[in-house]
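File shown: coords-v1.txt (compact mmCIF, C-alpha atoms).
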# COMPACT_ATOMS: atom_id res chain seq x y z
CA MET A 1 10.95 4.25 -30.84
CA LYS A 2 7.19 4.79 -30.51
CA LYS A 3 5.78 5.62 -27.12
CA PHE A 4 2.37 4.16 -26.34
CA GLU A 5 0.30 4.93 -23.27
CA ILE A 6 -2.89 3.13 -22.30
CA LEU A 7 -5.09 5.33 -20.13
CA GLY A 8 -7.55 3.54 -17.89
CA THR A 9 -8.15 2.16 -14.48
CA GLY A 10 -7.37 -1.44 -15.39
CA CYS A 11 -10.72 -2.72 -16.59
CA PRO A 12 -11.06 -5.51 -19.19
CA LYS A 13 -11.40 -3.04 -22.07
CA CYS A 14 -8.20 -1.27 -21.01
CA ASN A 15 -6.38 -4.60 -21.03
CA MET A 16 -7.90 -5.46 -24.40
CA LEU A 17 -6.71 -2.15 -25.85
CA GLN A 18 -3.20 -2.77 -24.52
CA ASN A 19 -3.07 -6.30 -25.92
CA LEU A 20 -4.34 -5.22 -29.34
CA THR A 21 -1.91 -2.29 -29.48
CA GLU A 22 1.00 -4.59 -28.67
CA GLN A 23 -0.16 -7.06 -31.29
CA ALA A 24 -0.51 -4.31 -33.88
CA ALA A 25 2.95 -2.92 -33.10
CA LYS A 26 4.53 -6.36 -33.36
CA GLU A 27 2.80 -7.13 -36.66
CA LEU A 28 4.01 -3.78 -38.02
CA GLY A 29 7.52 -4.43 -36.74
CA LEU A 30 7.55 -1.27 -34.66
CA GLN A 31 9.90 -0.69 -31.78
CA TYR A 32 7.86 0.66 -28.90
CA GLU A 33 7.65 1.47 -25.26
CA MET A 34 4.37 0.74 -23.47
CA LYS A 35 3.15 2.45 -20.34
CA LYS A 36 -0.12 2.03 -18.45
CA VAL A 37 -1.54 5.12 -16.81
CA THR A 38 -4.10 4.30 -14.13
CA ASP A 39 -4.02 7.46 -12.03
CA ILE A 40 -7.19 9.46 -12.66
CA LYS A 41 -5.45 12.82 -12.21
CA GLN A 42 -2.81 11.92 -14.77
CA ILE A 43 -5.51 10.73 -17.16
CA MET A 44 -7.45 13.98 -16.72
CA ASN A 45 -4.29 15.92 -17.57
CA TYR A 46 -4.64 14.60 -21.11
CA GLY A 47 -8.16 16.05 -21.28
CA VAL A 48 -9.52 12.54 -21.53
CA MET A 49 -13.01 12.14 -20.08
CA ILE A 50 -13.66 8.54 -21.04
CA THR A 51 -11.45 5.49 -20.98
CA PRO A 52 -9.87 3.37 -22.24
CA ALA A 53 -7.72 5.72 -24.29
CA LEU A 54 -4.67 5.22 -26.46
CA VAL A 55 -1.92 7.83 -26.55
CA VAL A 56 0.75 7.65 -29.24
CA ASP A 57 3.79 9.87 -28.80
CA GLY A 58 1.84 12.23 -26.56
CA GLN A 59 -1.25 12.50 -28.79
CA VAL A 60 -4.54 10.95 -27.71
CA LYS A 61 -5.68 8.90 -30.69
CA VAL A 62 -8.85 7.34 -29.35
CA ALA A 63 -10.93 7.45 -26.17
CA GLY A 64 -13.93 5.55 -24.89
CA LYS A 65 -13.71 2.58 -27.21
CA VAL A 66 -11.48 -0.26 -28.32
CA PRO A 67 -10.75 0.00 -32.04
CA THR A 68 -10.17 -3.07 -34.20
CA LEU A 69 -6.65 -4.37 -34.82
CA ASP A 70 -6.61 -2.80 -38.29
CA GLU A 71 -7.80 0.54 -36.95
CA ILE A 72 -5.09 0.50 -34.29
CA LYS A 73 -2.46 -0.21 -36.93
CA LYS A 74 -3.50 2.97 -38.74
CA LEU A 75 -3.45 4.96 -35.50
CA ILE A 76 0.03 3.94 -34.39
CA GLN A 77 1.98 4.15 -37.64
CA MET B 1 -14.26 9.62 -15.44
CA ASP B 2 -16.33 7.10 -17.31
CA CYS B 3 -14.71 3.73 -17.83
CA CYS B 4 -16.10 1.05 -20.07
CA GLY B 5 -19.69 1.51 -18.94
CA GLY B 6 -21.06 3.01 -22.12
CA GLY B 7 -23.73 5.67 -22.31
CA THR B 8 -21.20 8.43 -21.82
CA VAL B 9 -22.76 11.89 -21.90
CA LEU B 10 -20.47 14.92 -22.06
CA LEU B 11 -21.66 18.46 -21.37
CA TYR B 12 -20.20 21.62 -22.87
CA SER B 13 -21.08 25.23 -22.23
CA CYS B 14 -20.16 28.24 -24.34
CA SER B 15 -19.26 30.01 -21.05
CA GLY B 16 -19.04 33.26 -23.01
CA ALA B 17 -18.42 36.74 -21.67
CA ALA B 18 -22.03 37.93 -21.91
CA ASP B 19 -24.75 37.42 -19.33
CA VAL B 20 -26.14 34.48 -21.30
CA GLY B 21 -22.65 32.90 -21.46
CA CYS B 22 -22.47 33.07 -17.68
CA ILE B 23 -25.94 31.51 -17.36
CA ALA B 24 -25.02 28.75 -19.83
CA ASP B 25 -21.95 27.96 -17.75
CA LYS B 26 -23.86 27.80 -14.48
CA VAL B 27 -26.62 25.70 -16.05
CA ALA B 28 -24.05 23.21 -17.35
CA ARG B 29 -22.48 22.98 -13.88
CA ILE B 30 -25.87 22.28 -12.31
CA LEU B 31 -26.59 19.56 -14.89
CA SER B 32 -23.16 18.06 -14.29
CA LYS B 33 -23.71 18.08 -10.52
CA GLU B 34 -27.07 16.37 -11.06
CA LYS B 35 -25.31 13.74 -13.18
CA VAL B 36 -27.19 14.50 -16.38
CA GLY B 37 -23.72 14.27 -17.93
CA ARG B 38 -20.13 15.19 -17.21
CA MET B 39 -19.09 18.75 -17.91
CA THR B 40 -15.89 19.11 -19.88
CA CYS B 41 -13.97 22.01 -21.41
CA LEU B 42 -15.05 23.59 -24.65
CA ALA B 43 -11.77 25.52 -24.56
CA GLY B 44 -9.90 22.21 -24.85
CA VAL B 45 -11.86 21.41 -27.97
CA GLY B 46 -11.21 24.90 -29.34
CA ALA B 47 -7.50 24.49 -28.69
CA ARG B 48 -7.62 21.21 -30.60
CA LEU B 49 -6.14 19.27 -27.68
CA SER B 50 -6.19 15.63 -28.65
CA GLY B 51 -7.69 14.30 -25.41
CA PHE B 52 -10.73 16.54 -25.61
CA ILE B 53 -11.25 15.76 -29.29
CA ALA B 54 -10.95 12.00 -28.80
CA SER B 55 -13.32 12.16 -25.82
CA ALA B 56 -15.95 14.05 -27.83
CA GLN B 57 -15.60 11.60 -30.69
CA GLY B 58 -15.85 8.63 -28.32
CA ALA B 59 -18.80 9.85 -26.24
CA ASP B 60 -22.28 8.49 -26.84
CA ARG B 61 -23.84 11.93 -26.50
CA ASN B 62 -22.36 15.41 -26.58
CA ILE B 63 -24.71 18.03 -25.18
CA VAL B 64 -24.00 21.73 -25.61
CA ILE B 65 -25.53 24.65 -23.77
CA ASP B 66 -25.11 27.76 -25.90
CA GLY B 67 -25.95 31.21 -24.61
CA CYS B 68 -26.94 32.92 -27.84
CA PRO B 69 -27.61 32.27 -31.53
CA VAL B 70 -23.92 32.67 -32.41
CA ALA B 71 -23.73 29.07 -31.12
CA CYS B 72 -19.99 28.88 -30.44
CA ALA B 73 -20.19 25.61 -28.50
CA GLN B 74 -22.23 23.91 -31.21
CA LYS B 75 -19.91 25.16 -33.95
CA GLY B 76 -16.80 24.24 -31.94
CA LEU B 77 -17.90 20.62 -31.81
CA GLU B 78 -19.08 20.56 -35.41
CA ALA B 79 -15.64 21.83 -36.43
CA ILE B 80 -14.12 18.58 -35.14
CA GLY B 81 -16.71 16.44 -36.87
CA VAL B 82 -18.99 15.89 -33.90
CA THR B 83 -22.72 16.62 -34.10
CA PRO B 84 -23.94 17.63 -30.66
CA GLU B 85 -27.38 17.90 -29.11
CA VAL B 86 -27.93 21.62 -28.81
CA TYR B 87 -29.78 23.57 -26.14
CA ASN B 88 -29.57 27.27 -26.95
CA LEU B 89 -30.70 29.74 -24.28
CA ALA B 90 -32.19 31.92 -27.02
CA ASN B 91 -34.87 29.24 -27.28
CA TYR B 92 -35.55 29.57 -23.55
CA GLY B 93 -36.36 33.27 -23.72
CA CYS B 94 -32.87 34.58 -22.91
CA LYS B 95 -31.68 37.67 -24.76
CA LYS B 96 -28.01 38.61 -24.81
CA GLY B 97 -27.35 41.68 -22.68
CA GLU B 98 -30.87 41.73 -21.26
CA THR B 99 -30.98 38.64 -19.07
CA PRO B 100 -30.56 38.81 -15.29
CA VAL B 101 -27.91 36.49 -13.87
CA ASN B 102 -29.51 35.29 -10.65
CA GLU B 103 -29.69 31.90 -9.00
CA GLU B 104 -33.48 31.54 -9.19
CA PHE B 105 -33.54 32.15 -12.94
CA ILE B 106 -30.54 29.86 -13.52
CA GLU B 107 -32.22 27.04 -11.57
CA GLU B 108 -35.39 27.48 -13.62
CA ILE B 109 -33.52 27.32 -16.94
CA ALA B 110 -31.51 24.30 -15.74
CA LEU B 111 -34.71 22.48 -14.84
CA ARG B 112 -36.28 23.20 -18.22
CA ILE B 113 -33.21 22.07 -20.13
CA LYS B 114 -32.92 18.95 -17.97
CA GLU B 115 -36.52 18.06 -18.83
CA ASP B 116 -35.82 18.59 -22.52
CA ILE B 117 -32.67 16.44 -22.34
CA ASN B 118 -34.60 13.65 -20.64
CA CYS B 119 -37.36 13.96 -23.22
CA GLN B 120 -34.78 13.67 -26.00
CA SER B 121 -33.34 10.55 -24.34
CA VAL B 122 -36.74 8.87 -24.26
CA SER B 123 -37.34 9.74 -27.93
CA ALA B 124 -33.96 8.31 -28.89
CA ARG B 125 -34.69 5.07 -27.04
CA ILE B 126 -38.06 4.70 -28.75
CA ILE B 127 -36.45 5.24 -32.17
CA GLU B 128 -33.75 2.66 -31.38
CA GLU B 129 -36.35 0.14 -30.26
CA ASP B 130 -38.38 0.73 -33.41
CA GLU B 131 -35.32 0.29 -35.60
CA GLY B 132 -34.38 -2.84 -33.70
CA SER B 133 -37.75 -4.46 -34.19
CA GLY B 134 -38.01 -3.42 -37.82
CA GLY B 135 -41.65 -2.62 -37.30
CA CYS B 136 -43.81 0.19 -36.04
CA SER B 137 -44.05 -1.02 -32.43
CA CYS B 138 -47.66 -2.09 -32.94
CA GLY B 139 -46.74 -5.67 -32.13
CA ASN B 140 -48.13 -7.00 -35.37
CA CYS B 141 -45.36 -6.07 -37.79

For this file, write the structure as structure tokens.
Amino acid sequence: MKKFEILGTGCPKCNMLQNLTEQAAKELGLQYEMKKVTDIKQIMNYGVMITPALVVDGQVKVAGKVPTLDEIKKLIQ
Amino acid sequence: MDCCGGGTVLLYSCSGAADVGCIADKVARILSKEKVGRMTCLAGVGARLSGFIASAQGADRNIVIDGCPVACAQKGLEAIGVTPEVYNLANYGCKKGETPVNEEFIEEIALRIKEDINCQSVSARIIEEDEGSGGCSCGNC
């Protein structure tokens, strides 16, 4: 079971990153758990200074941009 | 915390043990307070913490204030594949072990570096505009 976290305050790019990550996981046939983290203090605890950010199993994979679907597939495998 | 706005500028200081490390740290805090950029932790980059690395890689500009020619902050970012804009206090007349750490001097250095950062921003914009137009900005190309 993969654990994904989307860090961000709920802006359109955060939602886009969540949707693309879910699509990528489904296309790869991954079992996953998705959590949105909107609390700034929690986000800062990851050392993340720019959002949106994608965390996979506790590791921040990308911050400050929304990768393409193919890029996300590589990040979450 | 920058969210979706673009133009993210992150600030790093070497914050080393020497007098110039202390000055670099205080200068970076002044620049952060004046919203030149957002100060973040070089130690987090050095520790290879994923959030700090991803933030550096995702920022539009990474600005480092190094205290001396050893350039730890610059090299720390380069080690993770990020090329920062570098402002080294050695180029502002500061010598390691011989530089007074006082507020007046720190303010002066911060002002000079801020001017240089702003100057760099203007240059970058002009280059982008030139590249965008495909000409030399003369209006006739």

Could you give me, as a short mmCIF file (atom, residue, chain, number, x, y, z; two decimals) with C-alpha atoms, in the coordinates of the input, the residues within 10 Å of Glu22 of chain A, counting all atoms listed in the file and dropping anything in the same chain fewer than 2 positions from it?
data_model
loop_
_atom_site.label_atom_id
_atom_site.label_comp_id
_atom_site.auth_asym_id
_atom_site.auth_seq_id
_atom_site.Cartn_x
_atom_site.Cartn_y
_atom_site.Cartn_z
CA PHE A 4 2.37 4.16 -26.34
CA MET A 16 -7.90 -5.46 -24.40
CA LEU A 17 -6.71 -2.15 -25.85
CA GLN A 18 -3.20 -2.77 -24.52
CA ASN A 19 -3.07 -6.30 -25.92
CA LEU A 20 -4.34 -5.22 -29.34
CA ALA A 24 -0.51 -4.31 -33.88
CA ALA A 25 2.95 -2.92 -33.10
CA LYS A 26 4.53 -6.36 -33.36
CA GLU A 27 2.80 -7.13 -36.66
CA LEU A 28 4.01 -3.78 -38.02
CA LEU A 30 7.55 -1.27 -34.66
CA TYR A 32 7.86 0.66 -28.90
CA GLU A 33 7.65 1.47 -25.26
CA MET A 34 4.37 0.74 -23.47
CA LEU A 69 -6.65 -4.37 -34.82
CA ILE A 72 -5.09 0.50 -34.29
CA LYS A 73 -2.46 -0.21 -36.93
#

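Taking all atoms listed in the file into account, Gly64 of chain A lies nearest to B:Asp60 out of the set B:Glu115, B:Glu98, B:Glu78, B:Asp60.
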
To one decimal place, how far is atom CA of Glu85 of chain B from atom CA of Ile63 of chain B in Å?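 Between atom CA of Glu85 of chain B and atom CA of Ile63 of chain B the gap works out to 4.8 Å.
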
Could you please tell me, as a ChimeraX atom specification, which residues of chain B have an atom within 12 Å of chain A when using only C-alpha atoms? /B:1-11,37-45,47-62

So how far away is atom CA of Glu107 of chain B from atom CA of Pro84 of chain B, in Å?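 That distance, rounded to one decimal, is 22.8 Å.
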
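When the distance limit is 10 Å and only C-alpha atoms are what count, the residues near Lys114 of chain B, minus those fewer than 3 positions from it on the same chain, are Val27, Ala28, Ile30, Leu31, Glu34, Val36, Tyr87, Glu108, Ile109, Ala110, Leu111, Ile117, Asn118, Cys119 and Gln120 of chain B.
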
How far is it from atom CA of Val86 of chain B to atom CA of Pro67 of chain A, in Å with one decimal? 27.8 Å

Which of these, A:Gln77, A:Thr68, A:Thr21, A:Gln31, has the shortest distance to Ile6 of chain A once you count all atoms listed in the file?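 Distance minimum relative to Ile6 of chain A lands on A:Thr21.
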
Can you tell me, as a PyMOL selection string, what residues are no more than 6 Å from Ile65 of chain B when counting all atoms listed in the file, ignoring any on the same chain fewer than 5 positions away? chain B and resi 13+24+87-88

Restricting the calculation to all atoms listed in the file, which member of B:Asp25, B:Val64, B:Ile113, B:Phe105 is positioned closest to Leu77 of chain B?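 Closest candidate: B:Val64.
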
Residue with the minimum atom-to-atom distance to Gly67 of chain B, picked from B:Ile80, B:Leu89, B:Ala18, B:Ile106 with only C-alpha atoms counted, is B:Leu89

Could you add the missing atoms to segment 48-59 of chain B, up to all heavy atoms, and return them as a JSON list (two decimals), in the coordinates of the input?
[["chain", "number", "residue", "atom", "x", "y", "z"],
["B", 48, "ARG", "N", -7.94, 22.43, -29.84],
["B", 48, "ARG", "CA", -7.62, 21.21, -30.60],
["B", 48, "ARG", "C", -6.70, 20.27, -29.80],
["B", 48, "ARG", "O", -5.81, 19.64, -30.38],
["B", 48, "ARG", "CB", -6.99, 21.52, -31.96],
["B", 48, "ARG", "CG", -7.87, 22.32, -32.89],
["B", 48, "ARG", "CD", -9.06, 21.48, -33.36],
["B", 48, "ARG", "NE", -9.84, 22.17, -34.40],
["B", 48, "ARG", "CZ", -10.87, 22.98, -34.16],
["B", 48, "ARG", "NH1", -11.25, 23.22, -32.91],
["B", 48, "ARG", "NH2", -11.52, 23.54, -35.15],
["B", 49, "LEU", "N", -6.92, 20.20, -28.50],
["B", 49, "LEU", "CA", -6.14, 19.27, -27.68],
["B", 49, "LEU", "C", -6.68, 17.86, -27.90],
["B", 49, "LEU", "O", -7.89, 17.62, -27.81],
["B", 49, "LEU", "CB", -6.21, 19.66, -26.21],
["B", 49, "LEU", "CG", -5.67, 21.07, -25.89],
["B", 49, "LEU", "CD1", -5.77, 21.37, -24.40],
["B", 49, "LEU", "CD2", -4.23, 21.23, -26.36],
["B", 50, "SER", "N", -5.79, 16.95, -28.16],
["B", 50, "SER", "CA", -6.19, 15.63, -28.65],
["B", 50, "SER", "C", -7.09, 14.87, -27.68],
["B", 50, "SER", "O", -8.00, 14.15, -28.10],
["B", 50, "SER", "CB", -4.96, 14.79, -28.99],
["B", 50, "SER", "OG", -4.15, 14.59, -27.84],
["B", 51, "GLY", "N", -6.88, 15.02, -26.39],
["B", 51, "GLY", "CA", -7.69, 14.30, -25.41],
["B", 51, "GLY", "C", -9.14, 14.73, -25.43],
["B", 51, "GLY", "O", -10.05, 13.90, -25.31],
["B", 52, "PHE", "N", -9.36, 16.03, -25.58],
["B", 52, "PHE", "CA", -10.73, 16.54, -25.61],
["B", 52, "PHE", "C", -11.42, 16.12, -26.92],
["B", 52, "PHE", "O", -12.61, 15.79, -26.92],
["B", 52, "PHE", "CB", -10.72, 18.06, -25.48],
["B", 52, "PHE", "CG", -10.30, 18.52, -24.11],
["B", 52, "PHE", "CD1", -8.98, 18.84, -23.85],
["B", 52, "PHE", "CD2", -11.22, 18.61, -23.07],
["B", 52, "PHE", "CE1", -8.58, 19.25, -22.58],
["B", 52, "PHE", "CE2", -10.83, 19.01, -21.81],
["B", 52, "PHE", "CZ", -9.50, 19.33, -21.56],
["B", 53, "ILE", "N", -10.67, 16.15, -27.99],
["B", 53, "ILE", "CA", -11.25, 15.76, -29.29],
["B", 53, "ILE", "C", -11.61, 14.27, -29.29],
["B", 53, "ILE", "O", -12.72, 13.89, -29.66],
["B", 53, "ILE", "CB", -10.27, 16.10, -30.43],
["B", 53, "ILE", "CG1", -10.16, 17.62, -30.57],
["B", 53, "ILE", "CG2", -10.73, 15.48, -31.75],
["B", 53, "ILE", "CD1", -9.12, 18.09, -31.55],
["B", 54, "ALA", "N", -10.69, 13.45, -28.83],
["B", 54, "ALA", "CA", -10.95, 12.00, -28.80],
["B", 54, "ALA", "C", -12.11, 11.68, -27.87],
["B", 54, "ALA", "O", -12.93, 10.79, -28.16],
["B", 54, "ALA", "CB", -9.68, 11.26, -28.36],
["B", 55, "SER", "N", -12.21, 12.40, -26.75],
["B", 55, "SER", "CA", -13.32, 12.16, -25.82],
["B", 55, "SER", "C", -14.65, 12.51, -26.46],
["B", 55, "SER", "O", -15.64, 11.77, -26.33],
["B", 55, "SER", "CB", -13.12, 12.97, -24.53],
["B", 55, "SER", "OG", -11.99, 12.51, -23.83],
["B", 56, "ALA", "N", -14.70, 13.65, -27.16],
["B", 56, "ALA", "CA", -15.95, 14.05, -27.83],
["B", 56, "ALA", "C", -16.33, 13.03, -28.89],
["B", 56, "ALA", "O", -17.49, 12.65, -29.02],
["B", 56, "ALA", "CB", -15.79, 15.43, -28.45],
["B", 57, "GLN", "N", -15.33, 12.57, -29.62],
["B", 57, "GLN", "CA", -15.60, 11.60, -30.69],
["B", 57, "GLN", "C", -16.00, 10.23, -30.13],
["B", 57, "GLN", "O", -16.72, 9.48, -30.78],
["B", 57, "GLN", "CB", -14.37, 11.48, -31.59],
["B", 57, "GLN", "CG", -14.15, 12.73, -32.42],
["B", 57, "GLN", "CD", -12.82, 12.78, -33.14],
["B", 57, "GLN", "OE1", -11.88, 12.08, -32.75],
["B", 57, "GLN", "NE2", -12.72, 13.60, -34.16],
["B", 58, "GLY", "N", -15.55, 9.94, -28.92],
["B", 58, "GLY", "CA", -15.85, 8.63, -28.32],
["B", 58, "GLY", "C", -17.09, 8.62, -27.45],
["B", 58, "GLY", "O", -17.57, 7.55, -27.07],
["B", 59, "ALA", "N", -17.63, 9.80, -27.13],
["B", 59, "ALA", "CA", -18.80, 9.85, -26.24],
["B", 59, "ALA", "C", -20.06, 9.42, -26.98],
["B", 59, "ALA", "O", -20.16, 9.58, -28.20],
["B", 59, "ALA", "CB", -18.98, 11.27, -25.70]]
